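Some notes on the structure that comes next.
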Amino acid sequence: MNRPFPLNAWYAAAYDVEVGRGLLARTVCDQALVLYRRADGRAVVLEDACWHRLLPLSKGRLQADEVVCGYHGLVYNSEGLCTHMPSQETLNPSACVRAYPVVEKHRLVWVWPGDPALADPAIVPDLHWNDDPAWAGDGKVIHVRCDYRLVLDNLMDLTHEAFVHGSSIGQRALAEAPFVATHGDRSATVTRWMENIAAPPFWAGQIKRVRGYEGPVDRWQIIRFEGPCTVAIDVGVAEAGSGASQGDRSRGVNGYVLNTITPETATTCHYFWAFARNYLLGDQRLTHELREGVARIFHEDELILEAQQLAIDARPGRAFNNLNIDAGSLWARKLIDGLVAAEAQGRPVIPLRPIAPSGE
Amino acid sequence: MNRPFPLNAWYAAAYDVEVGRGLLARTVCDQALVLYRRADGRAVVLEDACWHRLLPLSKGRLQADEVVCGYHGLVYNSEGLCTHMPSQETLNPSACVRAYPVVEKHRLVWVWPGDPALADPAIVPDLHWNDDPAWAGDGKVIHVRCDYRLVLDNLMDLTHEAFVHGSSIGQRALAEAPFVATHGDRSATVTRWMENIAAPPFWAGQIKRVRGYEGPVDRWQIIRFEGPCTVAIDVGVAEAGSGASQGDRSRGVNGYVLNTITPETATTCHYFWAFARNYLLGDQRLTHELREGVARIFHEDELILEAQQLAIDARPGRAFNNLNIDAGSLWARKLIDGLVAAEAQGRPVIPLRPIAPSGE
Amino acid sequence: MNRPFPLNAWYAAAYDVEVGRGLLARTVCDQALVLYRRADGRAVVLEDACWHRLLPLSKGRLQADEVVCGYHGLVYNSEGLCTHMPSQETLNPSACVRAYPVVEKHRLVWVWPGDPALADPAIVPDLHWNDDPAWAGDGKVIHVRCDYRLVLDNLMDLTHEAFVHGSSIGQRALAEAPFVATHGDRSATVTRWMENIAAPPFWAGQIKRVRGYEGPVDRWQIIRFEGPCTVAIDVGVAEAGSGASQGDRSRGVNGYVLNTITPETATTCHYFWAFARNYLLGDQRLTHELREGVARIFHEDELILEAQQLAIDARPGRAFNNLNIDAGSLWARKLIDGLVAAEAQGRPVIPLRPIAPSGE
C-alpha cells in the first residue's frame, strides 16, 4: 500500500463558486473528476473519462443536467448512466461512468473517493467559520507540488513562522514558547500560549485598529487537526494579562486559519485555505487585505514545501528525524497511517459499478 | 511484444519536398533516421547515429552524395558504408550505419523499417490522388502526441464530426445514418450514405460554387483503410436524388481526404494528410483555402487525440468499450494486431548488417 | 555498480569567487552540497539537507559561521553539528549533517565526496597555471547535460576540432597528423605535433600579434589527463623549424587549456575550464577576448555533447566503436573504470557519521 491517503474520507474538491453550469476538471486522490451543477443547483461529480474511449468528459459540454462527450456524443446523466449513444438505439446497459457522493458544506464541495456505502455526510470536517454570520473572511485554493502531509506537518507546528514568515506573523517567541499536544480518535490538537510578548507586525496592526491598543499581548495558537487533512487554527492576541488564556477574549482580536488539503496525487495537492475573523465584519477592504496578506504568507510556505518534496524525492527510503515540536504532526500522521492501514485490510474501496450520489 | 506497429511495412517518412540537399532528422517506428537527396535526385534514408560515437549524423553535413559526421568527420556513402575515418588509412570493414529501403511515390518518401528482403515497392499504399492530374489539392504533416492507432480510430468512424467539427463538416445526420463495414486481407471499408439531407456548411459552399446548387443533397463518406496506417476517404455531396449512390456523381462535388499516419514512437506519430478535389483544378486560391480549412478541422482532432492519449496513459490496463460505430476501427485494429503478431513469431525484422536501399 | 565516477577523488565544486558569505547549492556526484565561506575565509561544504525534514540548507541563511535552516531554524556549525533546535534545550546528539573534506587550490574549491579518511590534499590535480604569476587567463563553469566522460573523450582527442571548430582552431592537419599516446598510473598523455603547416585563424592572430610573424608554423597539442576528470592541454604554435618540438619555444606562443569536469549526476556535469597564456600578461582586453572566444568554441562542443548524450540514452546497451584517434580517451576511461571498480570491492565510501573537514 503505497497510497499515502485514505479513500474513505470527504475531500474538498472545489470551492462552491468554482462549480457552476460548466464542466470543471479536477483530480482528487489520483482520480480524475468532472464537476458541474445541475439546473436545480445540486453539485455533481462524475469520473472524468468517457466509458467508450476514455476522453475526459470535461472536454465536452453540459446539456441541461447531462454531460455530452466531446468526441462521439455519448450522453451521461448526473448519476453517471449513459442515456444516449450515436448511431444506435439500444444502449449497452453497462455503459456508465462512476458518480461520486457529494456534499456541499461550509462553502466547499466535498467528494468521497472511496466506498460510497460509507459516505456519511455527518463526518464532513468542521469549517463552519467559512459561512458563519458571526465571522467574515475569504480564501483561495492553490496547487502545491508536494505530498499533502507536508502541508499538514507545516500547519501542525507553527514554530516555522519564526523562520519562514519573519516579516509578518513570525517571532522568536514561537520557537521558544512551550506547547501542549493532545489527541482524540480522529483529531489532534496543539495549544501554544505566548504571554506578555510584543505582538508581531500582523497582529500589532490588527489589535491597534480594533482595540486601539499598542502594548504587550498574550498570543495564542490552537491548532486542531481533523483526519485525514483538515486543520482549523484558532489564532489571536489580547492585551497582556486581560485573561484571554482563561477564556476572556474581550480585549483581543481573533481569527481562524481554515485549511483543508486534498491529495491530487501522492506528491501534489490542492490546498484550500481561508482566513476568518470575528471583528469589523462588514469591512470589505480588510477582507481583501487579509486574504492577499495570507496568500503572500502561504506562498512563502509553498516555496519551502516544494523544495522539501524535491529533497525527499532525491532520497528514497530516507526517514525524517523528529524534534519535540513535531508532536502534533506525529499524531496527525499516526492517525492518517491508521486510516490507510484499515482500508488496506478491508474490501476494495472502489466498487466496480457506479452508485448514485448520496442524497438521491 | 509491446510495439503497437509492424516493422515490415512502408511508412511515409516525409513529403517529397521536405527531402533535399540537406540533412533531415525524423524518427519512424522508434528508429532515428536521417534523410537526404543525392545529386541524382534519389532519396536516401540512413540510421541517424554515427557508428563511432552515436552522434546523430543529421548534426553533420552533406558532401556530394555522402554524409560527414559533425563530430570526428567520419564519412558515409548513400549505402551507409563508412568511406573515410580521421587519422587512419585503413578503415574498419564493419564501420557502417544502416541504410533503409526507400520508395518515392504519390508525393511521399516511404521507408521500410523492417526486413529489407521483404520491402516490395508494389505494396506502397495507394494515395495516387496526391499526384494524379485529374485531381488538385495540397496537404501537411503534423506531429501528434498520440498512438497512431487513435488517429485511425478517429478516421474510421466519422460520427465524431458531428461533435468535434460542428461548425464545418459535422452534422447530426452523421450520427444517425446507417453505415456498412466490410474488410479484406489488408483493408477495411466503411460506407455511409446520407440521402436527402441539408448540406453541412463546408459542402454547401462547395456545391453552390461548382454547381450553383443550394438544395438538399445526398452525402457520402467511403472510408478505405489500408494496413497498417493509411486511410483514403472518398467524400462528397450531390443534388438529392440525382443518382450519386447508384454511381452518377455528375451533379455533385467530390473530394478525397488522404491520410497516412506514421508511428514515431508508441505514443507519438507523424500525421501526413492532404485534401484532393476533382473540380476547379486550376484555382490556387481554393487549394490554399481548402488546405487551411482542413488544417483547422484536423487541429480540432489533435486536441481530442492528445487528451485521449493522456487519459489512456493515466489508466494502464484499462480497455476501451465499443459501440456499433466502431466496426470499421475494430477491423483496422484487428488487421494491425495480425501484422504485429505475425512478426513476433518470425525471425528478427531488423538485420544486423546494413543492406543497400532497394533499387540499387 | 552503475555509478560512472569514483567517490574517492577531489572534485572541483566551485570557482573560489563563487563561494562567499552566502549559501551556494551545488550537486557533485549525486550529492547535494551547500558551500559557504566562514568569517576566517575558510570554505565549508556541508550536505544540503536538514537532518530534521530534509529542506535544503541552502534555502536558509548564514549566521556568523553557522547555517540556519530556513524552515524550523535548526542551526549547524561548519563541522555539520547541530548547535540549536527550536523549542528544546536538549539537542539530539545524532543531529548533524555531513561535512565534506575541502581544499582550496589553484582558484578552485575541491571537495572529496568519498571516505574522508582517504582525502589527501596532496593529490589535488595540478592546475597551477590558474594562479601562477607567469601565466594570465580566465575561465568559466558551464553546466552540460552529458556524462562527464563524454567531455573527457572530447578533450582527449582533438581531431574533432577540424569538424566542430572549423572557423577558429580547427584545421585538416589535426585529423591527419600522427600522435603518440602514453599513460601512467593515474594519467594519460596524447602528444601531437603538426610541423610546417598554416596556422589556424586563432593561432595565426596570436603569433602575429606577439611575434609579428605570419608564416608557416609548427603546432603542438600535448594533452595530459589526470584521473578521474582533469585535463590540462599544452597548446601553441611557433615559427616553423625554430625548434619548438626540440624544446625551444622562444619563437612561439603558448597557452594552456585547463579543464576539470565534475560529475553532477551520471548524465550531467559541471565543466570548469580556463585558458591561460604566458605572453602579454597584463593585457586585460586580451584576457577578456580569449575567455569569450574559448567560451564560443566550448559552446560548439556543448551542442555536440548534449546531442550525443541523448543518442546514448535512446540506445541502452549499445557500445561505442573506436578509432585509432581514441587511444587517449580509452586510457582515460580505463583508468576511471579501475578507480570505480576498486571502490566497488572495498568498504562503503560514505560513512554514516559526519567527519570534520580535513585540516581541522
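Every chain in the C-alpha cells has a letter given in the order shown (A, B, ...), and although residue numbers restart at 1 in each chain, ligands are simply numbered from 1 in the order shown.
Residues of chain B having any atom within 7 Å of chain C, counting only C-alpha atoms, are B:Trp51, B:His52, B:Arg53, B:Leu54, B:Leu55, B:Pro56, B:Gly70, B:Tyr71, B:His72, B:Gly73, B:Pro86, B:Ser87, B:Gln88.
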May I have the residues from that selection written out with N, CA, C and O atoms, as a compact mmCIF listing (two decimals), in the first residue's frame?
# COMPACT_ATOMS: atom_id res chain seq x y z
N TRP B 51 28.43 5.40 -36.41
CA TRP B 51 28.96 4.13 -35.92
C TRP B 51 29.95 4.32 -34.78
O TRP B 51 29.98 3.52 -33.86
N HIS B 52 30.69 5.42 -34.83
CA HIS B 52 31.78 5.64 -33.88
C HIS B 52 31.27 6.00 -32.49
O HIS B 52 31.43 5.24 -31.54
N ARG B 53 30.60 7.12 -32.36
CA ARG B 53 30.20 7.60 -31.04
C ARG B 53 28.74 8.04 -30.97
O ARG B 53 28.34 8.76 -30.07
N LEU B 54 27.96 7.59 -31.93
CA LEU B 54 26.49 7.73 -31.91
C LEU B 54 25.96 9.14 -32.15
O LEU B 54 24.74 9.35 -32.12
N LEU B 55 26.84 10.11 -32.39
CA LEU B 55 26.28 11.43 -32.68
C LEU B 55 25.33 11.33 -33.87
O LEU B 55 25.63 10.66 -34.86
N PRO B 56 24.13 11.97 -33.79
CA PRO B 56 23.23 11.95 -34.95
C PRO B 56 23.94 12.50 -36.18
O PRO B 56 24.52 13.59 -36.14
N GLY B 70 29.39 15.29 -37.89
CA GLY B 70 29.74 16.62 -37.36
C GLY B 70 30.68 16.58 -36.18
O GLY B 70 31.03 17.64 -35.65
N TYR B 71 31.11 15.38 -35.74
CA TYR B 71 31.99 15.33 -34.58
C TYR B 71 33.43 15.05 -35.03
O TYR B 71 34.31 15.91 -34.88
N HIS B 72 33.67 13.86 -35.59
CA HIS B 72 35.04 13.50 -35.96
C HIS B 72 35.23 13.30 -37.46
O HIS B 72 36.28 12.81 -37.90
N GLY B 73 34.21 13.63 -38.25
CA GLY B 73 34.41 13.63 -39.69
C GLY B 73 34.35 12.30 -40.38
O GLY B 73 34.76 12.19 -41.55
N PRO B 86 39.04 9.67 -39.68
CA PRO B 86 40.11 10.63 -39.43
C PRO B 86 41.38 9.91 -38.95
O PRO B 86 41.29 8.93 -38.21
N SER B 87 42.51 10.41 -39.37
CA SER B 87 43.81 9.97 -38.86
C SER B 87 44.09 8.49 -39.07
O SER B 87 44.89 7.92 -38.34
N GLN B 88 43.39 7.83 -39.97
CA GLN B 88 43.81 6.46 -40.25
C GLN B 88 43.48 6.10 -41.69
O GLN B 88 42.48 6.54 -42.25
With a cut-off of 12 Å, could you pull out the residues of region 243-320 of chain A touching region 204-208 of chain A and give me the nearest pair of atoms for each, distance in Å to one decimal, using only C-alpha atoms, ordered by chain and ascending number, as a Markdown table?
| residue | atom | partner | partner_atom | distance |
| --- | --- | --- | --- | --- |
| A:Arg249 | CA | A:Ile207 | CA | 11.9 |
| A:Ser250 | CA | A:Ile207 | CA | 11.6 |
| A:Arg251 | CA | A:Ile207 | CA | 8.9 |
| A:Gly252 | CA | A:Ile207 | CA | 6.7 |
| A:Val253 | CA | A:Ile207 | CA | 6.0 |
| A:Asn254 | CA | A:Ile207 | CA | 9.4 |
| A:Gly255 | CA | A:Gln206 | CA | 10.4 |
| A:Arg277 | CA | A:Gln206 | CA | 10.5 |
| A:Asn278 | CA | A:Gln206 | CA | 11.8 |
| A:Tyr279 | CA | A:Gln206 | CA | 9.7 |
| A:Leu280 | CA | A:Gln206 | CA | 10.3 |
| A:Leu286 | CA | A:Gln206 | CA | 10.0 |
| A:Glu289 | CA | A:Gln206 | CA | 11.6 |
| A:Leu290 | CA | A:Gln206 | CA | 10.2 |
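Comparing the minimum interatomic distances between Ser168 (chain B) and each of B:Pro201, B:Arg38, B:Thr265, B:Arg107, counting only C-alpha atoms, we find that B:Pro201 sits nearest.
When the distance limit is 9 Å and only C-alpha atoms are what count, the residues near Thr182 (chain A), minus those fewer than 2 positions from it on the same chain, are A:Val180, A:Gly184, A:Ser187, A:Ala188, A:Thr189, A:Val190, A:Thr191, A:Ala327, A:Gly328, A:Trp331.
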Expected answer as a ChimeraX atom specification: alpha helix (DSSP H) residues in region 17-213 of chain C: /C:148-156,161-164,172-176,201-211
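For the pair CA of Val124 (chain C) and CA of Ala344 (chain C), the interatomic distance is 22.0 Å.
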Nearby residues (only C-alpha atoms) at most 10 Å from Ala119 (chain A), same-chain spacing under 3 positions excluded, as a ChimeraX atom specification: /A:8-10,100-103,111-116,122-124,357-358
Residues just named, written with C-alpha atoms as a PDB file, in the first residue's frame:
ATOM      1  CA  ASN A   8     -12.860   6.614   2.612  1.00  0.00           C
ATOM      2  CA  ALA A   9     -12.966  10.257   3.560  1.00  0.00           C
ATOM      3  CA  TRP A  10     -14.538  13.526   2.491  1.00  0.00           C
ATOM      4  CA  TYR A 100     -19.305  10.166  -6.570  1.00  0.00           C
ATOM      5  CA  PRO A 101     -21.039  11.007  -3.304  1.00  0.00           C
ATOM      6  CA  VAL A 102     -21.072  14.779  -2.923  1.00  0.00           C
ATOM      7  CA  VAL A 103     -21.852  17.103  -0.027  1.00  0.00           C
ATOM      8  CA  VAL A 111     -16.336  14.388  -2.566  1.00  0.00           C
ATOM      9  CA  TRP A 112     -15.916  10.833  -1.228  1.00  0.00           C
ATOM     10  CA  PRO A 113     -13.496   8.852  -3.443  1.00  0.00           C
ATOM     11  CA  GLY A 114     -13.874   5.558  -1.538  1.00  0.00           C
ATOM     12  CA  ASP A 115     -16.735   3.149  -0.876  1.00  0.00           C
ATOM     13  CA  PRO A 116     -19.995   5.117  -1.371  1.00  0.00           C
ATOM     14  CA  ALA A 122     -22.231  13.764   9.202  1.00  0.00           C
ATOM     15  CA  ILE A 123     -18.447  13.392   9.150  1.00  0.00           C
ATOM     16  CA  VAL A 124     -17.627  16.258   6.811  1.00  0.00           C
ATOM     17  CA  PRO A 357     -24.613  10.217  -5.232  1.00  0.00           C
ATOM     18  CA  SER A 358     -25.694  10.302  -1.613  1.00  0.00           C
TER      19      SER A 358
END
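For the choices B:Val231, B:Cys269, B:Ala43, B:Val28, the atom-to-atom distance to Leu152 (chain B) is smallest for B:Val231 when using only C-alpha atoms.
Nearest to Ala181 (chain B) of all the residues B:Ala332, B:Leu24, B:Ala240, B:Ala49 is B:Ala332, based on only C-alpha atoms.
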Interatomic distance, CA of Gly293 (chain C) to CA of Thr260 (chain C) (Å, one decimal): 18.7 Å
Spatial neighbours of Asn77 (chain A), max dist 12 Å, only C-alpha atoms, sep filter under 3 positions, as a list of chain:residue names: A:Tyr36, A:Arg37, A:Arg38, A:Val44, A:Val45, A:Leu46, A:Leu57, A:Leu62, A:Gln63, A:Ala64, A:Asp65, A:Glu66, A:Val67, A:Val68, A:Cys69, A:Leu74, A:Gly80, A:Leu81, A:Cys82, A:Thr83, A:His84, A:Ala95, A:Cys96, A:Val97, A:Arg98, A:Ala99, A:Ala356, A:Pro357
Strand (DSSP E or B) positions in region 215-299 of chain B, given as a VMD selection string: chain B and resid 217 to 226 230 to 239 252 to 265 268 to 277
Long-range neighbours of Tyr148 (chain C) as a ChimeraX atom specification, 10 Å cut-off, only C-alpha atoms, 4 positions minimum in chain: /C:4-5,144,152-153,228-229,260-271,305
Using C-alpha atoms, can you export the residues from the last selection as an mmCIF file, in the first residue's frame?
data_model
loop_
_atom_site.group_PDB
_atom_site.id
_atom_site.type_symbol
_atom_site.label_atom_id
_atom_site.label_comp_id
_atom_site.auth_asym_id
_atom_site.auth_seq_id
_atom_site.Cartn_x
_atom_site.Cartn_y
_atom_site.Cartn_z
ATOM 1 C CA PRO C 4 30.327 6.036 -13.615
ATOM 2 C CA PHE C 5 32.592 8.012 -11.258
ATOM 3 C CA VAL C 144 26.476 20.363 -19.571
ATOM 4 C CA LEU C 152 36.876 13.749 -21.440
ATOM 5 C CA ASP C 153 36.563 11.841 -24.724
ATOM 6 C CA PRO C 228 39.347 10.921 -12.771
ATOM 7 C CA CYS C 229 38.445 14.094 -14.625
ATOM 8 C CA THR C 260 38.220 19.737 -14.843
ATOM 9 C CA ILE C 261 34.817 18.147 -15.267
ATOM 10 C CA THR C 262 32.832 17.311 -12.168
ATOM 11 C CA PRO C 263 30.009 14.784 -12.435
ATOM 12 C CA GLU C 264 26.781 16.288 -11.127
ATOM 13 C CA THR C 265 24.828 13.110 -11.838
ATOM 14 C CA ALA C 266 25.539 10.158 -14.110
ATOM 15 C CA THR C 267 24.355 12.190 -17.100
ATOM 16 C CA THR C 268 25.108 15.817 -16.219
ATOM 17 C CA CYS C 269 28.269 17.649 -15.251
ATOM 18 C CA HIS C 270 29.846 20.901 -14.189
ATOM 19 C CA TYR C 271 32.571 21.782 -16.623
ATOM 20 C CA LEU C 305 27.928 16.579 -26.303
#
